[in-house]
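Chemist: The following file, start-v1.cif, comprises mmCIF, C-alpha atoms and all ligand atoms:
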data_my_file
#
loop_
_atom_site.label_atom_id
_atom_site.label_comp_id
_atom_site.auth_asym_id
_atom_site.auth_seq_id
_atom_site.Cartn_x
_atom_site.Cartn_y
_atom_site.Cartn_z
CA MET A 1 101.18 5.53 98.26
CA THR A 2 99.40 2.71 100.02
CA ARG A 3 100.29 2.16 103.67
CA LEU A 4 101.30 -1.42 104.50
CA LEU A 5 100.79 -2.85 107.99
CA THR A 6 102.32 -6.22 108.83
CA THR A 7 101.84 -8.50 111.84
CA THR A 8 104.80 -6.71 113.48
CA ASP A 9 102.91 -3.42 113.27
CA ILE A 10 99.79 -4.97 114.84
CA ALA A 11 101.91 -6.40 117.66
CA ARG A 12 103.43 -2.91 118.20
CA ILE A 13 99.96 -1.35 118.48
CA VAL A 14 98.94 -3.94 121.10
CA GLN A 15 102.25 -3.58 122.98
CA HIS A 16 101.83 0.20 122.98
CA HIS A 17 98.26 0.33 124.33
CA GLY A 18 97.90 -3.02 126.12
CA LEU A 19 95.26 -5.58 125.15
CA ALA A 20 92.50 -4.22 127.40
CA SER A 21 92.73 -0.76 125.85
CA CYS A 22 92.83 -2.22 122.32
CA PHE A 23 89.64 -4.18 123.00
CA GLN A 24 88.00 -1.03 124.37
CA GLN A 25 89.04 1.05 121.36
CA LEU A 26 87.96 -1.63 118.91
CA THR A 27 84.52 -2.08 120.49
CA SER A 28 84.03 1.66 120.24
CA TYR A 29 84.90 1.64 116.48
CA LEU A 30 82.68 -1.44 116.01
CA ALA A 31 79.72 0.11 117.85
CA ASP A 32 80.11 3.38 115.91
CA ASP A 33 79.94 1.57 112.59
CA TYR A 34 77.15 -0.83 113.65
CA ARG A 35 75.06 2.20 114.68
CA ARG A 36 75.55 3.65 111.16
CA TRP A 37 74.13 0.42 109.65
CA GLN A 38 71.90 2.14 107.07
CA GLU A 39 74.86 4.05 105.60
CA PHE A 40 76.59 0.87 104.40
CA ASP A 41 76.33 -0.92 101.07
CA LYS A 42 76.20 -4.49 102.43
CA SER A 43 76.30 -7.99 100.96
CA ALA A 44 76.87 -11.53 102.17
CA ARG A 45 80.47 -12.60 101.64
CA VAL A 46 81.52 -14.57 98.58
CA ALA A 47 82.78 -18.05 99.48
CA ASN A 48 84.75 -20.55 97.39
CA HIS A 49 84.54 -23.96 99.03
CA SER A 50 86.91 -26.89 98.57
CA ALA A 51 87.20 -30.32 100.18
CA GLU A 52 89.40 -29.06 103.05
CA GLY A 53 88.23 -25.49 103.56
CA VAL A 54 86.92 -22.24 102.25
CA ILE A 55 88.33 -18.94 100.94
CA GLU A 56 86.11 -15.90 101.32
CA LEU A 57 85.99 -12.27 100.19
CA MET A 58 84.17 -9.78 102.40
CA PRO A 59 83.42 -6.39 100.80
CA ILE A 60 81.55 -3.40 102.25
CA ALA A 61 81.45 0.38 101.68
CA ASP A 62 79.96 3.61 102.98
CA ALA A 63 79.99 6.90 101.05
CA ARG A 64 83.65 7.57 101.86
CA ALA A 65 85.49 4.29 102.31
CA TYR A 66 85.44 0.79 100.89
CA SER A 67 87.02 -2.30 102.43
CA PHE A 68 87.40 -5.97 101.74
CA LYS A 69 88.92 -8.85 103.65
CA TYR A 70 90.40 -12.03 102.21
CA VAL A 71 90.04 -14.84 104.73
CA ASN A 72 90.27 -18.61 104.67
CA GLY A 73 89.09 -21.40 106.98
CA HIS A 74 91.03 -24.68 106.78
CA PRO A 75 90.58 -26.70 110.01
CA LYS A 76 93.29 -29.25 109.09
CA ASN A 77 95.95 -26.63 108.33
CA HIS A 78 97.72 -27.25 111.67
CA ARG A 79 98.92 -30.57 110.21
CA VAL A 80 101.09 -28.63 107.76
CA GLY A 81 102.12 -25.97 110.27
CA LEU A 82 99.63 -23.31 109.15
CA PRO A 83 96.83 -21.59 111.07
CA THR A 84 93.19 -22.44 110.36
CA VAL A 85 92.38 -18.78 109.65
CA MET A 86 94.63 -16.35 107.68
CA ALA A 87 93.55 -12.94 106.46
CA PHE A 88 94.52 -9.62 104.97
CA GLY A 89 92.46 -6.63 103.88
CA VAL A 90 92.31 -3.32 102.08
CA LEU A 91 90.79 0.06 102.91
CA ALA A 92 90.16 2.27 99.88
CA ASP A 93 88.95 5.78 99.11
CA VAL A 94 85.47 5.64 97.49
CA ALA A 95 85.86 9.01 95.72
CA THR A 96 88.83 7.83 93.63
CA GLY A 97 89.14 4.09 94.29
CA THR A 98 92.66 4.55 95.68
CA PRO A 99 93.72 1.73 98.04
CA THR A 100 94.94 3.66 101.09
CA LEU A 101 95.74 0.79 103.47
CA LEU A 102 96.81 -2.83 102.96
CA SER A 103 96.93 -4.68 106.25
CA GLU A 104 97.45 -8.07 107.75
CA LEU A 105 94.18 -9.22 109.31
CA THR A 106 95.05 -12.56 110.88
CA LEU A 107 95.93 -11.15 114.31
CA SER A 108 93.46 -8.34 113.72
CA THR A 109 90.61 -10.79 113.00
CA ALA A 110 91.22 -12.48 116.34
CA LEU A 111 91.13 -9.05 118.05
CA ARG A 112 88.00 -7.89 116.20
CA THR A 113 86.14 -11.20 116.64
CA ALA A 114 86.75 -11.17 120.38
CA ALA A 115 85.81 -7.48 120.60
CA THR A 116 82.58 -8.14 118.64
CA SER A 117 81.74 -11.12 120.89
CA ALA A 118 82.28 -9.00 124.00
CA LEU A 119 80.29 -6.09 122.56
CA ALA A 120 77.34 -8.41 121.85
CA ALA A 121 77.64 -10.02 125.30
CA GLN A 122 77.51 -6.59 126.98
CA HIS A 123 73.91 -6.46 125.73
CA LEU A 124 73.00 -10.14 125.80
CA ALA A 125 74.67 -11.74 128.83
CA ARG A 126 73.49 -11.24 132.41
CA THR A 127 75.24 -8.30 134.03
CA ASP A 128 76.31 -10.56 136.90
CA ALA A 129 78.02 -13.09 134.56
CA ARG A 130 81.43 -14.05 136.01
CA THR A 131 82.14 -17.55 134.62
CA MET A 132 82.71 -18.52 131.01
CA ALA A 133 83.17 -21.95 129.44
CA LEU A 134 85.56 -21.80 126.50
CA ILE A 135 85.20 -24.76 124.14
CA GLY A 136 87.93 -24.81 121.48
CA ASN A 137 91.31 -23.60 122.74
CA GLY A 138 92.99 -22.78 119.44
CA ALA A 139 94.22 -19.54 117.86
CA GLN A 140 91.18 -17.41 118.70
CA SER A 141 90.77 -18.58 122.29
CA GLU A 142 93.15 -16.27 124.25
CA PHE A 143 91.57 -13.26 122.54
CA GLN A 144 88.07 -14.42 123.50
CA ALA A 145 89.04 -15.16 127.11
CA LEU A 146 90.81 -11.82 127.57
CA ALA A 147 88.15 -9.70 125.87
CA PHE A 148 85.52 -11.20 128.18
CA HIS A 149 87.80 -10.75 131.19
CA HIS A 150 88.58 -7.10 130.43
CA LEU A 151 85.22 -5.95 129.04
CA LEU A 152 82.70 -8.07 130.96
CA GLY A 153 84.50 -8.85 134.20
CA ILE A 154 84.72 -12.61 133.62
CA GLU A 155 86.72 -14.03 136.54
CA GLU A 156 86.78 -17.73 135.71
CA VAL A 157 87.28 -19.51 132.39
CA ARG A 158 86.54 -23.23 132.14
CA LEU A 159 88.46 -24.77 129.26
CA TYR A 160 87.95 -27.77 127.03
CA ASP A 161 89.45 -28.86 123.72
CA LEU A 162 89.75 -32.27 122.05
CA ASP A 163 93.45 -31.42 121.72
CA SER A 164 94.95 -31.24 125.22
CA ALA A 165 98.07 -29.50 123.86
CA ALA A 166 95.86 -26.59 122.75
CA THR A 167 94.50 -26.33 126.30
CA ASP A 168 98.07 -26.49 127.72
CA LYS A 169 99.00 -23.53 125.49
CA LEU A 170 95.92 -21.54 126.55
CA ILE A 171 96.59 -22.19 130.25
CA ARG A 172 100.21 -21.07 129.75
CA HIS A 173 99.00 -17.74 128.34
CA LEU A 174 96.19 -17.11 130.81
CA SER A 175 97.62 -18.36 134.09
CA ALA A 176 99.54 -15.12 134.79
CA VAL A 177 96.54 -12.84 134.16
CA PRO A 178 95.61 -11.15 137.45
CA GLY A 179 92.02 -11.76 138.55
CA LEU A 180 91.40 -14.60 136.11
CA ARG A 181 90.95 -18.17 137.39
CA VAL A 182 91.64 -20.87 134.80
CA VAL A 183 90.04 -24.31 135.14
CA ARG A 184 90.86 -27.26 132.86
CA CYS A 185 87.85 -29.52 132.23
CA ALA A 186 87.60 -33.08 130.94
CA SER A 187 84.63 -32.52 128.63
CA THR A 188 82.36 -29.85 127.18
CA ALA A 189 79.62 -30.96 129.61
CA GLU A 190 81.94 -30.42 132.58
CA ALA A 191 83.11 -27.03 131.30
CA VAL A 192 79.65 -25.61 130.70
CA ARG A 193 78.11 -26.83 133.98
CA GLY A 194 77.22 -23.72 135.99
CA ALA A 195 78.84 -21.31 133.48
CA ASP A 196 77.14 -17.96 132.85
CA ILE A 197 78.51 -17.71 129.32
CA ILE A 198 79.48 -20.45 126.86
CA THR A 199 81.87 -19.53 124.07
CA THR A 200 82.27 -22.14 121.35
CA VAL A 201 85.19 -21.48 119.03
CA THR A 202 85.95 -24.86 117.55
CA ALA A 203 87.10 -25.60 114.00
CA ASP A 204 85.60 -28.53 112.14
CA LYS A 205 84.23 -28.73 108.63
CA ARG A 206 80.95 -30.46 109.50
CA ASN A 207 77.76 -30.06 111.47
CA ALA A 208 79.36 -30.73 114.85
CA THR A 209 77.15 -30.75 117.93
CA ILE A 210 79.27 -29.18 120.63
CA VAL A 211 76.42 -27.91 122.83
CA THR A 212 73.28 -30.00 123.37
CA PRO A 213 69.98 -28.94 125.02
CA ASP A 214 70.71 -30.87 128.25
CA MET A 215 73.71 -28.56 128.88
CA ILE A 216 71.63 -25.38 128.84
CA GLU A 217 70.74 -23.67 132.11
CA PRO A 218 68.36 -20.69 132.50
CA GLY A 219 70.07 -17.33 132.06
CA MET A 220 73.01 -18.60 130.00
CA HIS A 221 74.45 -16.60 127.12
CA LEU A 222 76.01 -18.53 124.25
CA ASN A 223 78.68 -16.88 122.13
CA ALA A 224 78.83 -19.27 119.15
CA VAL A 225 81.84 -18.26 117.05
CA GLY A 226 83.06 -21.41 115.28
CA GLY A 227 79.99 -22.32 113.18
CA ASP A 228 80.49 -19.95 110.26
CA CYS A 229 80.07 -21.86 107.01
CA PRO A 230 77.41 -23.92 105.24
CA GLY A 231 77.54 -27.42 106.78
CA LYS A 232 79.63 -26.19 109.76
CA THR A 233 77.71 -25.65 113.01
CA GLU A 234 78.29 -26.05 116.75
CA LEU A 235 74.89 -25.83 118.45
CA HIS A 236 72.15 -28.45 118.46
CA ALA A 237 69.06 -27.04 116.70
CA ASP A 238 67.00 -27.40 119.91
CA VAL A 239 69.42 -25.08 121.73
CA LEU A 240 68.55 -22.39 119.20
CA ALA A 241 64.83 -23.23 119.32
CA ARG A 242 64.58 -22.32 123.01
CA ALA A 243 66.77 -19.20 122.88
CA SER A 244 66.60 -15.59 121.74
CA VAL A 245 68.99 -15.54 118.80
CA PHE A 246 71.01 -12.52 117.62
CA VAL A 247 73.00 -12.36 114.38
CA GLU A 248 75.22 -9.89 112.56
CA TYR A 249 73.73 -9.66 109.03
CA GLU A 250 70.72 -11.91 108.55
CA PRO A 251 71.16 -12.75 104.82
CA GLN A 252 74.69 -14.05 105.52
CA SER A 253 73.86 -15.72 108.85
CA ARG A 254 70.97 -17.73 107.34
CA ILE A 255 73.56 -19.31 105.00
CA GLU A 256 76.54 -19.64 107.33
CA GLY A 257 75.47 -19.41 110.96
CA ASP A 258 74.13 -22.02 113.33
CA VAL A 259 70.68 -20.77 112.25
CA GLN A 260 71.28 -22.44 108.85
CA GLN A 261 69.69 -25.44 110.60
CA MET A 262 66.47 -23.57 111.31
CA PRO A 263 63.45 -22.78 109.11
CA ALA A 264 63.71 -19.58 107.03
CA ASP A 265 61.18 -17.81 109.29
CA PHE A 266 62.96 -18.70 112.56
CA PRO A 267 63.14 -15.35 114.40
CA VAL A 268 66.51 -13.65 114.72
CA THR A 269 67.46 -10.09 115.69
CA GLU A 270 70.32 -8.25 114.00
CA LEU A 271 72.91 -6.89 116.46
CA TRP A 272 72.88 -3.34 115.04
CA ARG A 273 69.24 -2.95 116.12
CA VAL A 274 70.19 -3.74 119.72
CA LEU A 275 73.21 -1.40 119.61
CA ARG A 276 71.02 1.44 118.31
CA GLY A 277 68.35 0.75 120.94
CA ASP A 278 65.79 -0.24 118.26
CA ALA A 279 65.46 -3.77 119.69
CA ARG A 280 65.90 -5.25 123.14
CA GLY A 281 68.87 -7.46 123.99
CA ARG A 282 68.41 -9.68 127.04
CA GLN A 283 64.98 -9.07 128.58
CA GLN A 284 64.87 -11.57 131.47
CA PRO A 285 67.54 -12.90 133.85
CA ASP A 286 66.51 -16.49 133.07
CA GLU A 287 66.35 -16.01 129.30
CA VAL A 288 68.80 -18.01 127.17
CA THR A 289 70.49 -15.79 124.57
CA VAL A 290 72.66 -16.80 121.60
CA PHE A 291 75.01 -14.61 119.59
CA ASP A 292 75.30 -16.67 116.39
CA SER A 293 78.50 -15.04 115.13
CA VAL A 294 79.90 -15.68 111.65
CA GLY A 295 81.96 -12.51 111.21
CA PHE A 296 80.64 -9.67 109.07
CA ALA A 297 82.49 -7.29 106.70
CA LEU A 298 81.46 -4.25 108.75
CA GLU A 299 83.64 -5.55 111.62
CA ASP A 300 86.68 -5.61 109.34
CA PHE A 301 85.82 -2.16 107.98
CA ALA A 302 85.80 -0.83 111.58
CA THR A 303 89.04 -2.68 112.34
CA LEU A 304 90.80 -1.30 109.25
CA ARG A 305 89.68 2.22 110.23
CA TRP A 306 91.14 1.66 113.69
CA LEU A 307 94.39 0.29 112.26
CA ARG A 308 94.69 3.24 109.86
CA ASP A 309 94.23 5.68 112.75
CA GLN A 310 96.74 3.79 114.90
CA ALA A 311 99.29 3.70 112.08
CA GLU A 312 98.97 7.47 111.70
CA ALA A 313 99.14 8.18 115.44
CA LEU A 314 102.08 5.86 116.13
CA GLY A 315 103.93 6.35 112.82
CA LEU A 316 103.71 2.67 111.91
CA GLY A 317 103.84 0.87 108.59
CA GLN A 318 105.59 1.53 105.35
CA ASP A 319 104.65 3.12 102.05
CA LEU A 320 104.04 0.67 99.26
CA ALA A 321 104.11 1.53 95.55
CA LEU A 322 101.00 -0.53 94.87
CA VAL A 323 99.64 2.00 92.37
CA PRO A 324 101.96 3.80 89.91
CA ALA A 325 102.50 7.51 90.65
CA MET A 326 102.28 8.92 87.09
CA ALA A 327 103.20 12.42 85.95
CA ASP A 328 100.62 11.95 83.15
CA PRO A 329 97.81 9.65 84.41
CA LYS A 330 97.15 8.55 80.80
CA ASP A 331 100.76 7.53 80.25
CA LEU A 332 100.72 4.19 82.04
CA PHE A 333 103.07 2.67 79.45
CA ALA A 334 105.89 4.97 80.57
CA GLU A 335 105.83 3.19 83.96
CA LEU A 336 107.36 0.14 82.28
CA ALA A 337 110.50 2.25 81.70
CA LEU A 338 111.40 0.22 78.63
CA ALA A 339 114.48 1.11 76.56
CA PRO A 340 113.51 2.85 73.28
CA ALA A 341 112.01 0.12 71.04
CA ALA A 342 113.27 1.35 67.64
CA THR A 343 116.22 -0.43 65.97
CA PRO A 344 117.73 0.28 62.52
CA GLU A 345 115.76 -2.70 61.11
CA THR A 346 112.38 -1.70 62.55
CA ALA A 347 112.53 2.10 62.57
CA PRO A 348 109.96 3.64 60.19
CA LEU A 349 111.46 5.08 56.97
CA PRO A 350 111.12 8.77 56.15
CA ILE A 351 108.05 9.23 53.90
CA GLY A 352 109.99 9.92 50.69
CA GLU A 353 112.08 6.78 51.15
CA ALA A 354 108.97 4.70 51.93
CA ARG A 355 107.36 5.84 48.67
CA ALA A 356 110.50 4.97 46.67
CA ALA A 357 110.79 1.57 48.34
CA MET A 358 107.18 0.75 47.52
CA ARG A 359 107.62 1.75 43.87
CA ALA A 360 110.64 -0.53 43.65
CA ILE A 361 108.66 -3.49 44.96
CA SER A 362 105.46 -2.85 43.03
CA PRO A 363 105.76 -0.19 40.30
CA GLU A 364 101.99 -0.07 39.79
CA PRO A 365 99.45 0.18 41.04
CA LEU A 366 101.04 1.77 44.11
CA ALA A 367 98.10 1.65 46.53
CA THR A 368 97.83 -2.15 46.89
CA THR A 369 99.04 -2.17 50.47
CA ALA A 370 98.01 -0.15 53.45
CA ALA A 371 101.55 1.22 53.82
CA ALA A 372 101.61 2.37 50.21
CA ALA A 373 98.17 3.93 50.51
CA GLN A 374 99.34 5.76 53.62
CA ALA A 375 102.51 6.89 51.84
CA ASP A 376 100.48 8.18 48.89
CA ALA A 377 98.12 10.08 51.14
CA MET A 378 101.01 12.02 52.62
CA PRO A 379 102.58 15.09 51.11
CA ALA A 380 105.87 14.29 49.44
N1 LIG B 401 82.70 -15.75 113.85
C1 LIG B 401 83.82 -15.18 113.50
O1 LIG B 401 83.86 -13.97 113.26
C2 LIG B 401 85.07 -15.99 113.42
C3 LIG B 401 86.31 -15.35 113.35
C4 LIG B 401 87.47 -16.12 113.37
C5 LIG B 401 87.37 -17.49 113.39
N2 LIG B 401 86.14 -18.09 113.41
C6 LIG B 401 86.01 -19.55 113.47
O2 LIG B 401 86.42 -19.96 114.75
C7 LIG B 401 86.88 -21.31 114.69
C8 LIG B 401 88.15 -21.46 115.48
O3 LIG B 401 89.18 -20.73 114.86
P1 LIG B 401 90.69 -20.87 115.36
O4 LIG B 401 91.48 -19.90 114.56
O5 LIG B 401 90.75 -20.78 116.86
O6 LIG B 401 90.97 -22.37 114.92
P2 LIG B 401 92.05 -23.40 115.53
O7 LIG B 401 92.12 -24.51 114.56
O8 LIG B 401 93.29 -22.69 115.91
O9 LIG B 401 91.36 -23.93 116.89
C9 LIG B 401 90.19 -24.66 116.90
C10 LIG B 401 90.24 -25.64 118.05
O10 LIG B 401 88.97 -26.33 118.12
C11 LIG B 401 89.24 -27.62 118.63
N3 LIG B 401 88.08 -28.48 118.38
C12 LIG B 401 87.61 -28.96 117.21
N4 LIG B 401 86.52 -29.72 117.42
C13 LIG B 401 86.30 -29.70 118.75
C14 LIG B 401 85.31 -30.29 119.58
N5 LIG B 401 84.35 -31.08 119.08
N6 LIG B 401 85.37 -30.08 120.92
C15 LIG B 401 86.36 -29.30 121.44
N7 LIG B 401 87.32 -28.73 120.71
C16 LIG B 401 87.29 -28.91 119.38
C17 LIG B 401 90.50 -28.02 117.89
O11 LIG B 401 91.17 -29.07 118.53
C18 LIG B 401 91.30 -26.71 117.90
O12 LIG B 401 92.21 -26.65 118.99
C19 LIG B 401 87.02 -21.63 113.21
O13 LIG B 401 85.95 -22.44 112.81
C20 LIG B 401 86.93 -20.28 112.52
O14 LIG B 401 86.37 -20.39 111.24
C21 LIG B 401 84.99 -17.35 113.44
#
Transcribe the structure of this file into structure tokens.
Ligand SMILES: NC(=O)c1ccc[n+]([C@@H]2O[C@H](COP(=O)([O-])OP(=O)(O)OC[C@H]3O[C@@H](n4cnc5c(N)ncnc54)[C@H](O)[C@@H]3O)[C@@H](O)[C@H]2O)c1
Modeler:
Amino acid sequence: MTRLLTTTDIARIVQHHGLASCFQQLTSYLADDYRRWQEFDKSARVANHSAEGVIELMPIADARAYSFKYVNGHPKNHRVGLPTVMAFGVLADVATGTPTLLSELTLSTALRTAATSALAAQHLARTDARTMALIGNGAQSEFQALAFHHLLGIEEVRLYDLDSAATDKLIRHLSAVPGLRVVRCASTAEAVRGADIITTVTADKRNATIVTPDMIEPGMHLNAVGGDCPGKTELHADVLARASVFVEYEPQSRIEGDVQQMPADFPVTELWRVLRGDARGRQQPDEVTVFDSVGFALEDFATLRWLRDQAEALGLGQDLALVPAMADPKDLFAELALAPAATPETAPLPIGEARAAMRAISPEPLATTAAAAQADAMPA
């Protein structure tokens, strides 16, 4: 049986533990898997682009488990009452190929993306960072604000979105959070002024320039989440040029990240190297760092592992007959449970009767048809 987890199950997990604990648990699963980087069979995701968006498949495996995520990105979806990003995913057993878990990943992607951003910032932002600008106040934004509040001690978020209703919604959700000051700003420039961290999580299918070089102050960390497709960026190229840039999986980030704007030899450091201690994160207080996030399959693998463990611990989900449970694994046909196919008209004749019928039709030679040849070959 395959275990199915729906959005209700994910909400139950978060209600049970609280968001802060979920972020902590997820970052621990993420860090564990990132530190095992060499054990994974990795590839850049497969993207199918259309005029309005993209649909992507994100596979990855280690020796024991395989996972994939289906995810889309359609920035105009809100016009038809749908989210920009929708996702689901599968965890499977490598030894047999059995799909063990089928889960929603829309809520879970928001949780894992925020946890990944916070995990990266723990190594890349200044330790005294307390203020974050949050540009783009849509579906991902609460998760980003709260992960940075709980895991990095961010005390003030400075918000800006082209859509003031999105900012209203975000303020509604954040205003009751103890120890978090929420400031509405009139522009990106106003929001980022004096911020220690800038998170950009906007959705637009073009090379947008959300952050320009004049907005950058020494010591800032930029968490660039929204630029995650060819032709879809958020940072001006000169912002990248003067920063230390960190990515998830270089072959994918060169295609999809903000670094798609840069020459092929522009230096980037993969996050796993920092998490393993093989490379330095932030080195100077006045250094400008960028986490050029696009979302990598390993993050969904870690998230699905966490969801599987939570489902087991909390008794969540339901069994799904996604694969037939066969008494004889070679007898797949029996699973159709069809009524017996034979009717008086189509049932094969006993051999003696078949021979007589053939003689009546064609007295000789007998073996002109395959049926007659077969009848002749059989003992009478
Ligand atoms: N890196 C990752 O792992 C990852 C994961 C999930 C989503 N994303 C990306 O994050 C982005 C946001 O996702 P979402 O689910 O929050 O989308 P959303 O559509 O719910 O919200 C995006 C918001 O950005 C605002 N926006 C667009 N252009 C803007 C601009 N120039 N200035 C200010 N605000 C602007 C929109 O008004 C909207 O409110 C998407 O591009 C998505 O692909 C990345």
Chemist: List every protein, DNA or RNA residue that has an atom no more than 10 Å from (66.3, -21.0, 118.4) in the file's coordinate frame, counting only C-alpha atoms, and report them as a PyMOL selection string.
Modeler: chain A and resi 235-246+258-259+261-263+266-268+288-290
Chemist: If you measure from atom CA of A:Arg184 to atom CA of A:Thr167, what distance in Å do you get, rounded to one decimal?
Modeler: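 Going from atom CA of A:Arg184 over to atom CA of A:Thr167, I get 7.6 Å.
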Chemist: Which residue is closest to A:Leu119? Choose from A:Ala63, A:Val274, A:Ala139, A:Met326 and count all atoms listed in the file.
Modeler: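 The closest residue to A:Leu119 is A:Val274.
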Chemist: Would you place a box with edges along x, y and z of the file around all atoms of ligand LIG 401 (chain B) listed there, add 6 Å to each of its six sides, and report the centre and edge lengths in Å to one decimal, as AutoDock Vina command-line options?
Modeler:
--center_x 88.0 --center_y -22.5 --center_z 116.3 --size_x 22.6 --size_y 29.1 --size_z 22.2
Chemist: Using all atoms listed in the file, which protein or nucleic acid residues are at most 7 Å from ligand LIG 401 (chain B), as a PyMOL selection string?
Modeler: chain A and resi 73+75+78+83-85+109-110+113+135-141+160-163+166+188+201-204+208+210+225-228+293-296
Chemist: What does the distance from atom CA of A:Leu151 to atom CA of A:Ala118 come to in Å, to one decimal?
Modeler: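 Value for the atom CA of A:Leu151-atom CA of A:Ala118 distance: 6.6 Å.
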Chemist: Have a look at A:Val192, A:Leu124, A:Leu320, A:Ala297 and name the one nearest to A:Thr269; count all atoms listed in the file.
Modeler: A:Leu124
Chemist: Give the answer as one residue: which of A:Ala44, A:Gly81, A:Gly219, A:Glu56 has the shortest atom-to-atom distance to A:Ala129, using all atoms listed in the file?
Modeler: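 Looking only at the distances to A:Ala129, the closest residue turns out to be A:Gly219.
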Chemist: Quick check, in Å to one decimal: how far apart do atom CA of A:Asp41 and atom CA of A:Val54 lie?
Modeler: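 Atom-to-atom, atom CA of A:Asp41 to atom CA of A:Val54, that is 23.8 Å.
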Chemist: Tell me which of A:Ser117, A:Arg308, A:Arg193, A:Leu314 sits closest to A:Asp214, counting all atoms listed in the file.
Modeler: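 Ranked by minimum distance to A:Asp214, first place goes to A:Arg193.
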Chemist: Pull out stretch 116-127 of chain A, keep N, CA and C atoms, and write it as a JSON list (two decimals), in the first residue's frame.
Modeler:
[["chain", "number", "residue", "atom", "x", "y", "z"],
["A", 116, "THR", "N", 14.93, 25.98, 3.94],
["A", 116, "THR", "CA", 16.20, 26.00, 3.20],
["A", 116, "THR", "C", 16.79, 27.41, 3.22],
["A", 117, "SER", "N", 15.94, 28.42, 3.00],
["A", 117, "SER", "CA", 16.42, 29.81, 3.03],
["A", 117, "SER", "C", 17.04, 30.13, 4.39],
["A", 118, "ALA", "N", 16.35, 29.71, 5.45],
["A", 118, "ALA", "CA", 16.85, 30.01, 6.80],
["A", 118, "ALA", "C", 18.14, 29.25, 7.08],
["A", 119, "LEU", "N", 18.19, 27.99, 6.63],
["A", 119, "LEU", "CA", 19.40, 27.19, 6.82],
["A", 119, "LEU", "C", 20.59, 27.86, 6.13],
["A", 120, "ALA", "N", 20.40, 28.31, 4.90],
["A", 120, "ALA", "CA", 21.48, 28.99, 4.18],
["A", 120, "ALA", "C", 21.86, 30.28, 4.91],
["A", 121, "ALA", "N", 20.85, 31.03, 5.35],
["A", 121, "ALA", "CA", 21.13, 32.32, 6.02],
["A", 121, "ALA", "C", 21.87, 32.13, 7.33],
["A", 122, "GLN", "N", 21.68, 30.99, 8.00],
["A", 122, "GLN", "CA", 22.41, 30.73, 9.25],
["A", 122, "GLN", "C", 23.92, 30.74, 9.00],
["A", 123, "HIS", "N", 24.32, 30.45, 7.75],
["A", 123, "HIS", "CA", 25.74, 30.42, 7.41],
["A", 123, "HIS", "C", 26.18, 31.64, 6.62],
["A", 124, "LEU", "N", 25.21, 32.37, 6.06],
["A", 124, "LEU", "CA", 25.58, 33.44, 5.12],
["A", 124, "LEU", "C", 25.24, 34.84, 5.63],
["A", 125, "ALA", "N", 24.25, 34.95, 6.50],
["A", 125, "ALA", "CA", 23.88, 36.28, 7.01],
["A", 125, "ALA", "C", 24.75, 36.63, 8.22],
["A", 126, "ARG", "N", 24.82, 37.89, 8.55],
["A", 126, "ARG", "CA", 25.55, 38.29, 9.77],
["A", 126, "ARG", "C", 24.81, 37.72, 10.98],
["A", 127, "THR", "N", 25.56, 37.35, 12.00],
["A", 127, "THR", "CA", 24.90, 36.75, 13.17],
["A", 127, "THR", "C", 24.05, 37.78, 13.93]]
